[in-house]
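Just query_23.pdb here, PDB, C-alpha atoms:
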ATOM      1  CA  MET O  26     -87.861 -78.243 -46.173
ATOM      2  CA  VAL O  27     -89.537 -80.702 -48.569
ATOM      3  CA  LYS O  28     -88.879 -84.306 -49.565
ATOM      4  CA  LEU O  29     -88.519 -85.359 -53.197
ATOM      5  CA  THR O  30     -90.880 -88.063 -54.424
ATOM      6  CA  GLU O  31     -89.590 -91.443 -55.610
ATOM      7  CA  GLU O  32     -90.249 -90.373 -59.218
ATOM      8  CA  MET O  33     -88.203 -87.190 -58.727
ATOM      9  CA  LYS O  34     -85.357 -89.129 -57.120
ATOM     10  CA  THR O  35     -85.295 -91.554 -60.047
ATOM     11  CA  ALA O  36     -85.176 -88.656 -62.525
ATOM     12  CA  PHE O  37     -82.395 -87.009 -60.491
ATOM     13  CA  SER O  38     -80.325 -90.215 -60.602
ATOM     14  CA  LYS O  39     -80.425 -90.220 -64.412
ATOM     15  CA  VAL O  40     -78.881 -86.781 -64.921
ATOM     16  CA  LYS O  41     -75.128 -86.473 -65.433
ATOM     17  CA  ILE O  42     -74.672 -82.688 -65.559
ATOM     18  CA  PHE O  43     -76.807 -80.240 -63.576
ATOM     19  CA  PRO O  44     -77.120 -76.505 -64.217
ATOM     20  CA  VAL O  45     -76.492 -74.972 -60.782
ATOM     21  CA  ALA O  46     -77.575 -71.339 -60.425
ATOM     22  CA  THR O  47     -76.595 -68.936 -57.667
ATOM     23  CA  ALA O  48     -76.796 -65.147 -57.350
ATOM     24  CA  SER O  49     -74.815 -62.379 -55.715
ATOM     25  CA  LYS O  50     -76.588 -60.504 -52.957
ATOM     26  CA  GLU O  51     -77.180 -57.733 -55.513
ATOM     27  CA  GLY O  52     -79.038 -60.273 -57.671
ATOM     28  CA  VAL O  53     -76.535 -61.005 -60.454
ATOM     29  CA  PRO O  54     -77.191 -64.636 -61.417
ATOM     30  CA  ASN O  55     -74.528 -67.217 -62.243
ATOM     31  CA  VAL O  56     -75.064 -70.668 -63.739
ATOM     32  CA  VAL O  57     -72.515 -73.452 -64.218
ATOM     33  CA  PRO O  58     -72.629 -77.129 -65.220
ATOM     34  CA  ILE O  59     -71.861 -79.430 -62.289
ATOM     35  CA  GLY O  60     -71.185 -83.162 -62.499
ATOM     36  CA  PHE O  61     -70.706 -83.953 -58.824
ATOM     37  CA  CYS O  62     -74.240 -83.204 -57.666
ATOM     38  CA  GLN O  63     -76.024 -85.976 -55.793
ATOM     39  CA  LEU O  64     -78.898 -86.649 -53.452
ATOM     40  CA  VAL O  65     -77.779 -87.827 -50.041
ATOM     41  CA  ASP O  66     -81.366 -88.241 -48.831
ATOM     42  CA  ASP O  67     -84.865 -87.108 -49.884
ATOM     43  CA  GLU O  68     -84.254 -83.479 -48.984
ATOM     44  CA  THR O  69     -80.512 -82.880 -49.248
ATOM     45  CA  ILE O  70     -78.159 -82.406 -52.218
ATOM     46  CA  TRP O  71     -74.391 -82.487 -52.048
ATOM     47  CA  ILE O  72     -72.457 -80.514 -54.619
ATOM     48  CA  ALA O  73     -68.703 -80.986 -54.782
ATOM     49  CA  ASP O  74     -66.919 -77.722 -55.474
ATOM     50  CA  ASN O  75     -63.873 -78.447 -57.591
ATOM     51  CA  PHE O  76     -63.414 -75.235 -59.563
ATOM     52  CA  MET O  77     -66.078 -72.823 -58.308
ATOM     53  CA  VAL O  78     -65.164 -69.147 -58.250
ATOM     54  CA  LYS O  79     -68.218 -66.919 -58.712
ATOM     55  CA  SER O  80     -70.630 -69.607 -57.497
ATOM     56  CA  LEU O  81     -68.716 -69.946 -54.232
ATOM     57  CA  ALA O  82     -68.407 -66.170 -53.791
ATOM     58  CA  ASN O  83     -72.167 -65.896 -54.337
ATOM     59  CA  LEU O  84     -72.933 -68.651 -51.823
ATOM     60  CA  GLU O  85     -70.732 -66.973 -49.236
ATOM     61  CA  GLU O  86     -73.025 -63.941 -49.323
ATOM     62  CA  ASN O  87     -76.327 -65.504 -50.481
ATOM     63  CA  PRO O  88     -77.213 -69.159 -49.769
ATOM     64  CA  ASN O  89     -79.979 -69.450 -52.377
ATOM     65  CA  VAL O  90     -79.502 -72.114 -55.057
ATOM     66  CA  ALA O  91     -81.599 -73.242 -58.059
ATOM     67  CA  ILE O  92     -81.009 -76.418 -60.078
ATOM     68  CA  TYR O  93     -83.055 -78.028 -62.794
ATOM     69  CA  VAL O  94     -83.304 -81.759 -63.299
ATOM     70  CA  TRP O  95     -83.628 -82.640 -66.946
ATOM     71  CA  GLY O  96     -82.032 -84.957 -69.450
ATOM     72  CA  PRO O  97     -82.794 -87.462 -72.191
ATOM     73  CA  GLU O  98     -83.948 -90.030 -69.627
ATOM     74  CA  THR O  99     -85.788 -87.927 -67.035
ATOM     75  CA  GLY O 100     -89.201 -87.964 -68.721
ATOM     76  CA  GLY O 101     -89.832 -84.324 -67.793
ATOM     77  CA  CYS O 102     -88.149 -81.449 -66.016
ATOM     78  CA  PHE O 103     -88.411 -79.968 -62.546
ATOM     79  CA  GLN O 104     -86.590 -77.183 -60.782
ATOM     80  CA  ILE O 105     -85.284 -77.457 -57.236
ATOM     81  CA  LYS O 106     -84.684 -74.444 -55.007
ATOM     82  CA  GLY O 107     -82.853 -74.621 -51.726
ATOM     83  CA  LYS O 108     -80.401 -73.055 -49.346
ATOM     84  CA  ALA O 109     -76.740 -73.970 -49.231
ATOM     85  CA  THR O 110     -74.273 -74.417 -46.418
ATOM     86  CA  ILE O 111     -70.573 -74.302 -47.305
ATOM     87  CA  ILE O 112     -68.661 -77.091 -45.541
ATOM     88  CA  SER O 113     -64.866 -77.162 -45.686
ATOM     89  CA  SER O 114     -63.880 -79.648 -42.984
ATOM     90  CA  GLY O 115     -65.247 -82.482 -40.883
ATOM     91  CA  GLU O 116     -66.903 -85.828 -41.503
ATOM     92  CA  LYS O 117     -69.241 -84.764 -44.337
ATOM     93  CA  PHE O 118     -66.438 -82.926 -46.080
ATOM     94  CA  ASP O 119     -64.124 -85.960 -45.834
ATOM     95  CA  LYS O 120     -66.852 -88.206 -47.237
ATOM     96  CA  MET O 121     -67.432 -85.893 -50.218
ATOM     97  CA  LYS O 122     -63.676 -85.715 -50.861
ATOM     98  CA  ALA O 123     -63.464 -89.535 -50.834
ATOM     99  CA  ILE O 124     -66.370 -89.797 -53.317
ATOM    100  CA  VAL O 125     -64.742 -87.297 -55.692
ATOM    101  CA  ASN O 126     -61.283 -88.812 -55.408
ATOM    102  CA  ALA O 127     -62.633 -92.327 -56.011
ATOM    103  CA  ALA O 128     -64.411 -91.152 -59.168
ATOM    104  CA  LYS O 129     -61.734 -88.802 -60.526
ATOM    105  CA  PRO O 130     -58.389 -88.854 -58.709
ATOM    106  CA  GLY O 131     -56.670 -85.485 -58.751
ATOM    107  CA  LEU O 132     -59.728 -83.257 -58.587
ATOM    108  CA  PRO O 133     -59.358 -80.660 -55.834
ATOM    109  CA  ALA O 134     -62.726 -81.268 -54.087
ATOM    110  CA  LYS O 135     -62.107 -78.032 -52.233
ATOM    111  CA  THR O 136     -65.525 -77.466 -50.650
ATOM    112  CA  LEU O 137     -68.773 -79.318 -50.031
ATOM    113  CA  ILE O 138     -71.937 -77.379 -50.805
ATOM    114  CA  GLU O 139     -74.839 -78.941 -48.900
ATOM    115  CA  VAL O 140     -78.226 -77.821 -50.218
ATOM    116  CA  MET O 141     -81.412 -78.313 -48.191
ATOM    117  CA  ILE O 142     -84.310 -78.473 -50.659
ATOM    118  CA  SER O 143     -87.038 -75.913 -49.947
ATOM    119  CA  ASP O 144     -89.205 -75.948 -53.097
ATOM    120  CA  VAL O 145     -89.769 -77.921 -56.291
ATOM    121  CA  PHE O 146     -91.398 -76.451 -59.417
ATOM    122  CA  GLN O 147     -92.662 -77.843 -62.689
ATOM    123  CA  CYS O 148     -90.154 -76.874 -65.341
ATOM    124  CA  ALA O 149     -91.296 -78.717 -68.488
ATOM    125  CA  PRO O 150     -92.735 -76.499 -71.253
ATOM    126  CA  GLY O 151     -96.508 -76.057 -71.201
ATOM    127  CA  PRO O 152     -99.264 -74.297 -69.297
ATOM    128  CA  GLU O 153     -98.192 -75.961 -66.020
ATOM    129  CA  ALA O 154     -94.647 -74.532 -66.257
ATOM    130  CA  GLY O 155     -93.665 -72.753 -63.058
ATOM    131  CA  LYS O 156     -96.291 -74.527 -60.916
ATOM    132  CA  LYS O 157     -95.121 -75.349 -57.394
ATOM    133  CA  LEU O 158     -95.008 -79.131 -56.999
ATOM    134  CA  LEU O 159     -93.552 -79.338 -53.474
TER     135      LEU O 159
ATOM    136  CA  MET C  21     -71.174 -54.598 -74.251
ATOM    137  CA  VAL C  22     -68.862 -57.237 -75.778
ATOM    138  CA  LYS C  23     -68.843 -59.168 -79.044
ATOM    139  CA  LEU C  24     -68.604 -62.961 -79.143
ATOM    140  CA  THR C  25     -65.721 -64.443 -81.132
ATOM    141  CA  GLU C  26     -66.344 -66.602 -84.211
ATOM    142  CA  GLU C  27     -65.444 -69.702 -82.163
ATOM    143  CA  MET C  28     -67.993 -68.759 -79.481
ATOM    144  CA  LYS C  29     -70.682 -68.125 -82.101
ATOM    145  CA  THR C  30     -70.030 -71.538 -83.654
ATOM    146  CA  ALA C  31     -70.294 -73.219 -80.230
ATOM    147  CA  PHE C  32     -73.512 -71.289 -79.509
ATOM    148  CA  SER C  33     -75.027 -72.487 -82.799
ATOM    149  CA  LYS C  34     -74.498 -76.124 -81.780
ATOM    150  CA  VAL C  35     -76.476 -76.002 -78.538
ATOM    151  CA  LYS C  36     -80.148 -76.975 -78.561
ATOM    152  CA  ILE C  37     -81.165 -76.247 -74.955
ATOM    153  CA  PHE C  38     -79.672 -73.428 -72.884
ATOM    154  CA  PRO C  39     -79.854 -73.070 -69.099
ATOM    155  CA  VAL C  40     -81.098 -69.508 -68.604
ATOM    156  CA  ALA C  41     -80.633 -68.112 -65.096
ATOM    157  CA  THR C  42     -82.282 -65.022 -63.641
ATOM    158  CA  ALA C  43     -82.717 -63.771 -60.081
ATOM    159  CA  SER C  44     -85.272 -61.839 -58.086
ATOM    160  CA  LYS C  45     -84.153 -58.457 -56.811
ATOM    161  CA  GLU C  46     -83.685 -60.136 -53.410
ATOM    162  CA  GLY C  47     -81.211 -62.546 -55.057
ATOM    163  CA  VAL C  48     -83.226 -65.772 -55.319
ATOM    164  CA  PRO C  49     -81.902 -67.485 -58.470
ATOM    165  CA  ASN C  50     -84.040 -69.305 -61.037
ATOM    166  CA  VAL C  51     -82.816 -71.499 -63.878
ATOM    167  CA  VAL C  52     -84.832 -73.028 -66.703
ATOM    168  CA  PRO C  53     -84.054 -74.870 -69.957
ATOM    169  CA  ILE C  54     -84.780 -72.742 -73.016
ATOM    170  CA  GLY C  55     -84.859 -73.962 -76.610
ATOM    171  CA  PHE C  56     -85.641 -70.712 -78.401
ATOM    172  CA  CYS C  57     -82.424 -68.885 -77.575
ATOM    173  CA  GLN C  58     -80.465 -67.499 -80.500
ATOM    174  CA  LEU C  59     -77.822 -64.980 -81.437
ATOM    175  CA  VAL C  60     -79.124 -62.162 -83.591
ATOM    176  CA  ASP C  61     -75.691 -60.573 -83.885
ATOM    177  CA  ASP C  62     -72.307 -60.785 -82.111
ATOM    178  CA  GLU C  63     -73.567 -59.119 -78.948
ATOM    179  CA  THR C  64     -77.300 -59.793 -78.744
ATOM    180  CA  ILE C  65     -79.327 -62.876 -77.780
ATOM    181  CA  TRP C  66     -83.034 -63.302 -78.357
ATOM    182  CA  ILE C  67     -84.938 -65.581 -76.011
ATOM    183  CA  ALA C  68     -88.540 -66.399 -76.864
ATOM    184  CA  ASP C  69     -90.697 -66.554 -73.757
ATOM    185  CA  ASN C  70     -93.333 -69.207 -74.263
ATOM    186  CA  PHE C  71     -94.041 -70.389 -70.715
ATOM    187  CA  MET C  72     -91.959 -68.190 -68.416
ATOM    188  CA  VAL C  73     -93.411 -67.374 -65.020
ATOM    189  CA  LYS C  74     -90.694 -66.818 -62.404
ATOM    190  CA  SER C  75     -88.055 -65.945 -65.021
ATOM    191  CA  LEU C  76     -90.267 -63.185 -66.428
ATOM    192  CA  ALA C  77     -91.199 -61.900 -62.958
ATOM    193  CA  ASN C  78     -87.485 -61.778 -62.120
ATOM    194  CA  LEU C  79     -86.617 -59.931 -65.330
ATOM    195  CA  GLU C  80     -89.332 -57.371 -64.666
ATOM    196  CA  GLU C  81     -87.518 -56.365 -61.470
ATOM    197  CA  ASN C  82     -83.912 -57.358 -62.275
ATOM    198  CA  PRO C  83     -82.566 -57.437 -65.866
ATOM    199  CA  ASN C  84     -79.498 -59.587 -65.132
ATOM    200  CA  VAL C  85     -79.247 -62.872 -67.030
ATOM    201  CA  ALA C  86     -76.668 -65.696 -67.066
ATOM    202  CA  ILE C  87     -76.525 -68.506 -69.653
ATOM    203  CA  TYR C  88     -73.963 -71.192 -70.228
ATOM    204  CA  VAL C  89     -73.081 -72.550 -73.645
ATOM    205  CA  TRP C  90     -72.209 -76.211 -73.490
ATOM    206  CA  GLY C  91     -73.141 -79.420 -75.240
ATOM    207  CA  PRO C  92     -71.681 -82.522 -76.824
ATOM    208  CA  GLU C  93     -70.454 -80.531 -79.818
ATOM    209  CA  THR C  94     -69.272 -77.251 -78.279
ATOM    210  CA  GLY C  95     -65.724 -78.369 -77.451
ATOM    211  CA  GLY C  96     -65.764 -76.474 -74.149
ATOM    212  CA  CYS C  97     -68.063 -74.324 -72.071
ATOM    213  CA  PHE C  98     -68.437 -70.614 -71.539
ATOM    214  CA  GLN C  99     -70.865 -68.510 -69.548
ATOM    215  CA  ILE C 100     -72.513 -65.388 -70.887
ATOM    216  CA  LYS C 101     -73.809 -62.606 -68.666
ATOM    217  CA  GLY C 102     -75.979 -59.795 -69.905
ATOM    218  CA  LYS C 103     -78.897 -57.490 -69.334
ATOM    219  CA  ALA C 104     -82.356 -58.161 -70.660
ATOM    220  CA  THR C 105     -85.037 -55.956 -72.121
ATOM    221  CA  ILE C 106     -88.588 -57.329 -72.211
ATOM    222  CA  ILE C 107     -90.242 -56.622 -75.563
ATOM    223  CA  SER C 108     -93.942 -57.349 -76.051
ATOM    224  CA  SER C 109     -94.834 -55.533 -79.260
ATOM    225  CA  GLY C 110     -93.307 -53.996 -82.364
ATOM    226  CA  GLU C 111     -91.093 -55.144 -85.202
ATOM    227  CA  LYS C 112     -88.632 -57.252 -83.170
ATOM    228  CA  PHE C 113     -91.465 -58.902 -81.272
ATOM    229  CA  ASP C 114     -93.300 -59.756 -84.516
ATOM    230  CA  LYS C 115     -90.108 -61.220 -85.988
ATOM    231  CA  MET C 116     -89.563 -63.438 -82.904
ATOM    232  CA  LYS C 117     -93.180 -64.574 -83.021
ATOM    233  CA  ALA C 118     -92.816 -65.515 -86.700
ATOM    234  CA  ILE C 119     -89.636 -67.527 -85.954
ATOM    235  CA  VAL C 120     -91.338 -69.435 -83.129
ATOM    236  CA  ASN C 121     -94.535 -70.059 -85.083
ATOM    237  CA  ALA C 122     -92.586 -71.295 -88.106
ATOM    238  CA  ALA C 123     -90.665 -73.764 -85.953
ATOM    239  CA  LYS C 124     -93.494 -74.898 -83.670
ATOM    240  CA  PRO C 125     -96.973 -73.661 -84.580
ATOM    241  CA  GLY C 126     -99.189 -73.153 -81.548
ATOM    242  CA  LEU C 127     -96.548 -71.980 -79.092
ATOM    243  CA  PRO C 128     -97.636 -68.758 -77.378
ATOM    244  CA  ALA C 129     -94.437 -66.715 -78.028
ATOM    245  CA  LYS C 130     -95.746 -64.240 -75.487
ATOM    246  CA  THR C 131     -92.670 -62.087 -74.954
ATOM    247  CA  LEU C 132     -89.273 -61.446 -76.502
ATOM    248  CA  ILE C 133     -86.369 -61.236 -74.071
ATOM    249  CA  GLU C 134     -83.510 -59.355 -75.732
ATOM    250  CA  VAL C 135     -80.200 -59.829 -73.922
ATOM    251  CA  MET C 136     -77.231 -57.529 -74.560
ATOM    252  CA  ILE C 137     -74.075 -59.491 -73.713
ATOM    253  CA  SER C 138     -71.872 -57.756 -71.135
ATOM    254  CA  ASP C 139     -69.373 -60.471 -70.078
ATOM    255  CA  VAL C 140     -68.151 -63.914 -71.076
ATOM    256  CA  PHE C 141     -66.411 -66.288 -68.647
ATOM    257  CA  GLN C 142     -64.554 -69.581 -68.957
ATOM    258  CA  CYS C 143     -66.863 -72.258 -67.631
ATOM    259  CA  ALA C 144     -65.104 -75.552 -68.429
ATOM    260  CA  PRO C 145     -63.708 -77.434 -65.427
ATOM    261  CA  GLY C 146     -60.069 -76.711 -64.547
ATOM    262  CA  PRO C 147     -57.866 -74.028 -63.058
ATOM    263  CA  GLU C 148     -59.059 -71.468 -65.651
ATOM    264  CA  ALA C 149     -62.722 -71.881 -64.622
ATOM    265  CA  GLY C 150     -64.332 -68.548 -63.873
ATOM    266  CA  LYS C 151     -61.743 -66.520 -65.830
ATOM    267  CA  LYS C 152     -63.162 -63.533 -67.675
ATOM    268  CA  LEU C 153     -62.753 -64.093 -71.427
ATOM    269  CA  LEU C 154     -64.555 -60.993 -72.716
TER     270      LEU C 154
END

Transcribe the structure of this file into structure tokens.
Amino acid sequence: MVKLTEEMKTAFSKVKIFPVATASKEGVPNVVPIGFCQLVDDETIWIADNFMVKSLANLEENPNVAIYVWGPETGGCFQIKGKATIISSGEKFDKMKAIVNAAKPGLPAKTLIEVMISDVFQCAPGPEAGKKLL
Amino acid sequence: MVKLTEEMKTAFSKVKIFPVATASKEGVPNVVPIGFCQLVDDETIWIADNFMVKSLANLEENPNVAIYVWGPETGGCFQIKGKATIISSGEKFDKMKAIVNAAKPGLPAKTLIEVMISDVFQCAPGPEAGKKLL
């Protein structure tokens, strides 16, 4: 696992919608926009699953996740890869549900996807695109 | 293959940056923001590869692509899945290169990724999320 730098964490905090990509075990990719996606520490992302269908089915058979961090205020773009654990009860789950319900009452908050970050890549256009940063 | 509706084509035309997801044949997803992504007809997308590394390596071993269409002006979100062909010479390639060079001289425009659309899914939040539209 790797730890995001302070600069990466600041960029992450400025993004409102993250493209979250998963894949079936046969390698069919899926990508959806996710609002409830937050860092809980330097190396862990929590994604609240409110309406996931294919993403969740993919994660049940293949834990690999990719997300890019980019927006008008990020000053660049990087891609995070990691492995997800699906959590549907317990203390972490309850905490995620409370966060979602406080922000938008009525959302189902049906599962917590906890992603441990394994790699970070440069994702801004240019000759350095694709370079492993962490 | 399926044909996008007029409403979908209008939404597509309003997006400036598309999250393009691919996966390795082992199912490791990758997602990158792509600006040169355009419809050439109702069922075909052209993506200009300027700086692709992992995306191109994935497509060389696994043609599956996923893209979502969403932005401030789209009035919703849908996800497109399709299969890519990598084109690096010939009439289509030359046409893509001319489009890229006219818009941003100096970009490498090293490959054309031609995606034939196979499926379209609802991707806006809510109980219909994930539903197959086409």

Exercise. Output as a VMD selection string the set of chain O residues within 7 Å of chain C, with distances taken over all atoms listed in the file.
Key: chain O and resid 44 46 to 57 76 78 to 79 89 to 93 148 150 to 152 154 to 155

Would you superpose chain O on chain C, least squares on all C-alpha atoms in order, and hand back the fitted chain as a short mmCIF file (atom, residue, chain, number, x, y, z; two decimals) with C-alpha atoms, in the coordinates of the input?
data_model
loop_
_atom_site.label_atom_id
_atom_site.label_comp_id
_atom_site.auth_asym_id
_atom_site.auth_seq_id
_atom_site.Cartn_x
_atom_site.Cartn_y
_atom_site.Cartn_z
CA MET O 26 -71.15 -54.59 -74.25
CA VAL O 27 -68.85 -57.23 -75.78
CA LYS O 28 -68.83 -59.17 -79.05
CA LEU O 29 -68.60 -62.96 -79.14
CA THR O 30 -65.73 -64.44 -81.13
CA GLU O 31 -66.34 -66.60 -84.20
CA GLU O 32 -65.44 -69.69 -82.15
CA MET O 33 -67.99 -68.75 -79.47
CA LYS O 34 -70.67 -68.12 -82.09
CA THR O 35 -70.02 -71.53 -83.65
CA ALA O 36 -70.29 -73.21 -80.23
CA PHE O 37 -73.51 -71.28 -79.52
CA SER O 38 -75.04 -72.48 -82.80
CA LYS O 39 -74.49 -76.12 -81.79
CA VAL O 40 -76.48 -76.00 -78.55
CA LYS O 41 -80.15 -76.98 -78.56
CA ILE O 42 -81.16 -76.25 -74.95
CA PHE O 43 -79.66 -73.43 -72.88
CA PRO O 44 -79.85 -73.08 -69.10
CA VAL O 45 -81.10 -69.51 -68.61
CA ALA O 46 -80.64 -68.11 -65.10
CA THR O 47 -82.29 -65.03 -63.64
CA ALA O 48 -82.70 -63.77 -60.07
CA SER O 49 -85.26 -61.83 -58.08
CA LYS O 50 -84.13 -58.46 -56.81
CA GLU O 51 -83.67 -60.14 -53.41
CA GLY O 52 -81.21 -62.55 -55.06
CA VAL O 53 -83.23 -65.77 -55.32
CA PRO O 54 -81.92 -67.48 -58.46
CA ASN O 55 -84.04 -69.31 -61.03
CA VAL O 56 -82.82 -71.50 -63.88
CA VAL O 57 -84.84 -73.03 -66.72
CA PRO O 58 -84.05 -74.87 -69.96
CA ILE O 59 -84.79 -72.75 -73.03
CA GLY O 60 -84.86 -73.96 -76.62
CA PHE O 61 -85.64 -70.71 -78.41
CA CYS O 62 -82.42 -68.88 -77.58
CA GLN O 63 -80.47 -67.49 -80.52
CA LEU O 64 -77.82 -64.98 -81.44
CA VAL O 65 -79.13 -62.17 -83.60
CA ASP O 66 -75.69 -60.57 -83.89
CA ASP O 67 -72.31 -60.77 -82.12
CA GLU O 68 -73.56 -59.11 -78.95
CA THR O 69 -77.30 -59.79 -78.75
CA ILE O 70 -79.33 -62.87 -77.79
CA TRP O 71 -83.04 -63.30 -78.35
CA ILE O 72 -84.94 -65.58 -76.01
CA ALA O 73 -88.53 -66.42 -76.86
CA ASP O 74 -90.70 -66.55 -73.77
CA ASN O 75 -93.33 -69.22 -74.26
CA PHE O 76 -94.04 -70.39 -70.72
CA MET O 77 -91.94 -68.19 -68.43
CA VAL O 78 -93.40 -67.38 -65.03
CA LYS O 79 -90.69 -66.81 -62.42
CA SER O 80 -88.06 -65.94 -65.03
CA LEU O 81 -90.26 -63.19 -66.44
CA ALA O 82 -91.20 -61.89 -62.97
CA ASN O 83 -87.48 -61.77 -62.13
CA LEU O 84 -86.60 -59.92 -65.34
CA GLU O 85 -89.32 -57.37 -64.67
CA GLU O 86 -87.52 -56.36 -61.47
CA ASN O 87 -83.91 -57.35 -62.28
CA PRO O 88 -82.57 -57.43 -65.86
CA ASN O 89 -79.50 -59.58 -65.13
CA VAL O 90 -79.25 -62.87 -67.03
CA ALA O 91 -76.67 -65.70 -67.07
CA ILE O 92 -76.53 -68.50 -69.65
CA TYR O 93 -73.96 -71.19 -70.24
CA VAL O 94 -73.09 -72.55 -73.65
CA TRP O 95 -72.21 -76.20 -73.49
CA GLY O 96 -73.13 -79.41 -75.24
CA PRO O 97 -71.68 -82.53 -76.83
CA GLU O 98 -70.46 -80.53 -79.82
CA THR O 99 -69.28 -77.26 -78.28
CA GLY O 100 -65.72 -78.36 -77.47
CA GLY O 101 -65.77 -76.49 -74.15
CA CYS O 102 -68.06 -74.34 -72.06
CA PHE O 103 -68.44 -70.61 -71.53
CA GLN O 104 -70.86 -68.52 -69.54
CA ILE O 105 -72.51 -65.39 -70.89
CA LYS O 106 -73.82 -62.61 -68.66
CA GLY O 107 -75.97 -59.78 -69.91
CA LYS O 108 -78.89 -57.49 -69.33
CA ALA O 109 -82.36 -58.16 -70.66
CA THR O 110 -85.04 -55.95 -72.12
CA ILE O 111 -88.59 -57.34 -72.21
CA ILE O 112 -90.24 -56.62 -75.57
CA SER O 113 -93.94 -57.35 -76.05
CA SER O 114 -94.84 -55.52 -79.26
CA GLY O 115 -93.31 -54.00 -82.36
CA GLU O 116 -91.11 -55.16 -85.21
CA LYS O 117 -88.64 -57.26 -83.17
CA PHE O 118 -91.47 -58.90 -81.28
CA ASP O 119 -93.31 -59.76 -84.52
CA LYS O 120 -90.13 -61.24 -85.98
CA MET O 121 -89.56 -63.44 -82.91
CA LYS O 122 -93.20 -64.58 -83.02
CA ALA O 123 -92.83 -65.52 -86.71
CA ILE O 124 -89.65 -67.52 -85.96
CA VAL O 125 -91.35 -69.43 -83.13
CA ASN O 126 -94.55 -70.06 -85.06
CA ALA O 127 -92.61 -71.29 -88.11
CA ALA O 128 -90.68 -73.76 -85.95
CA LYS O 129 -93.51 -74.89 -83.65
CA PRO O 130 -96.99 -73.67 -84.58
CA GLY O 131 -99.19 -73.15 -81.54
CA LEU O 132 -96.55 -71.98 -79.09
CA PRO O 133 -97.63 -68.76 -77.37
CA ALA O 134 -94.43 -66.73 -78.02
CA LYS O 135 -95.75 -64.25 -75.48
CA THR O 136 -92.67 -62.08 -74.96
CA LEU O 137 -89.27 -61.45 -76.51
CA ILE O 138 -86.37 -61.23 -74.08
CA GLU O 139 -83.51 -59.35 -75.73
CA VAL O 140 -80.20 -59.83 -73.92
CA MET O 141 -77.23 -57.52 -74.55
CA ILE O 142 -74.08 -59.48 -73.71
CA SER O 143 -71.87 -57.76 -71.13
CA ASP O 144 -69.37 -60.46 -70.07
CA VAL O 145 -68.15 -63.91 -71.06
CA PHE O 146 -66.41 -66.30 -68.63
CA GLN O 147 -64.57 -69.58 -68.96
CA CYS O 148 -66.87 -72.27 -67.63
CA ALA O 149 -65.10 -75.56 -68.43
CA PRO O 150 -63.71 -77.44 -65.41
CA GLY O 151 -60.08 -76.71 -64.55
CA PRO O 152 -57.86 -74.04 -63.05
CA GLU O 153 -59.05 -71.47 -65.63
CA ALA O 154 -62.71 -71.89 -64.61
CA GLY O 155 -64.32 -68.54 -63.87
CA LYS O 156 -61.72 -66.52 -65.82
CA LYS O 157 -63.16 -63.53 -67.67
CA LEU O 158 -62.74 -64.09 -71.41
CA LEU O 159 -64.55 -60.99 -72.71
#

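The two atoms in question, atom CA of Gly91 of chain C and atom CA of Glu26 of chain C, are spaced 17.1 Å apart.
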
Quiz prompt | Expected selection from the PyMOL selection byres ((chain C and resi 32-34) around 9), given as number ranges by chain | solution = C: 27-31, 35-36, 58-59, 89-94

Quiz item: On this structure, which residues satisfy the PyMOL selection byres ((chain O and resi 135) around 8), written as a ChimeraX atom specification?
Solution: /O:73-76,113,122,133-134,136-137

Quiz prompt | Between atom CA of Glu139 of chain O and atom CA of Leu76 of chain C - distance in Å to one decimal | solution = 28.2 Å

Quiz prompt | Point-to-point distance in Å for atom CA of Phe56 of chain C and atom CA of Leu29 of chain O | solution = 29.3 Å

If the PyMOL selection byres ((chain C and resi 23) around 10) is run on the structure shown, which residues does it catch, given as a PDB file with C-alpha atoms, in the coordinates of the input?
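Everything below was put into part09.pdb:
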ATOM      1  CA  MET C  21     -71.174 -54.598 -74.251  1.00  0.00           C
ATOM      2  CA  VAL C  22     -68.862 -57.237 -75.778  1.00  0.00           C
ATOM      3  CA  LEU C  24     -68.604 -62.961 -79.143  1.00  0.00           C
ATOM      4  CA  THR C  25     -65.721 -64.443 -81.132  1.00  0.00           C
ATOM      5  CA  GLU C  26     -66.344 -66.602 -84.211  1.00  0.00           C
ATOM      6  CA  MET C  28     -67.993 -68.759 -79.481  1.00  0.00           C
ATOM      7  CA  LYS C  29     -70.682 -68.125 -82.101  1.00  0.00           C
ATOM      8  CA  ASP C  61     -75.691 -60.573 -83.885  1.00  0.00           C
ATOM      9  CA  ASP C  62     -72.307 -60.785 -82.111  1.00  0.00           C
ATOM     10  CA  GLU C  63     -73.567 -59.119 -78.948  1.00  0.00           C
ATOM     11  CA  THR C  64     -77.300 -59.793 -78.744  1.00  0.00           C
ATOM     12  CA  MET C 136     -77.231 -57.529 -74.560  1.00  0.00           C
ATOM     13  CA  ILE C 137     -74.075 -59.491 -73.713  1.00  0.00           C
ATOM     14  CA  SER C 138     -71.872 -57.756 -71.135  1.00  0.00           C
ATOM     15  CA  ASP C 139     -69.373 -60.471 -70.078  1.00  0.00           C
ATOM     16  CA  VAL C 140     -68.151 -63.914 -71.076  1.00  0.00           C
ATOM     17  CA  LEU C 154     -64.555 -60.993 -72.716  1.00  0.00           C
TER      18      LEU C 154
END
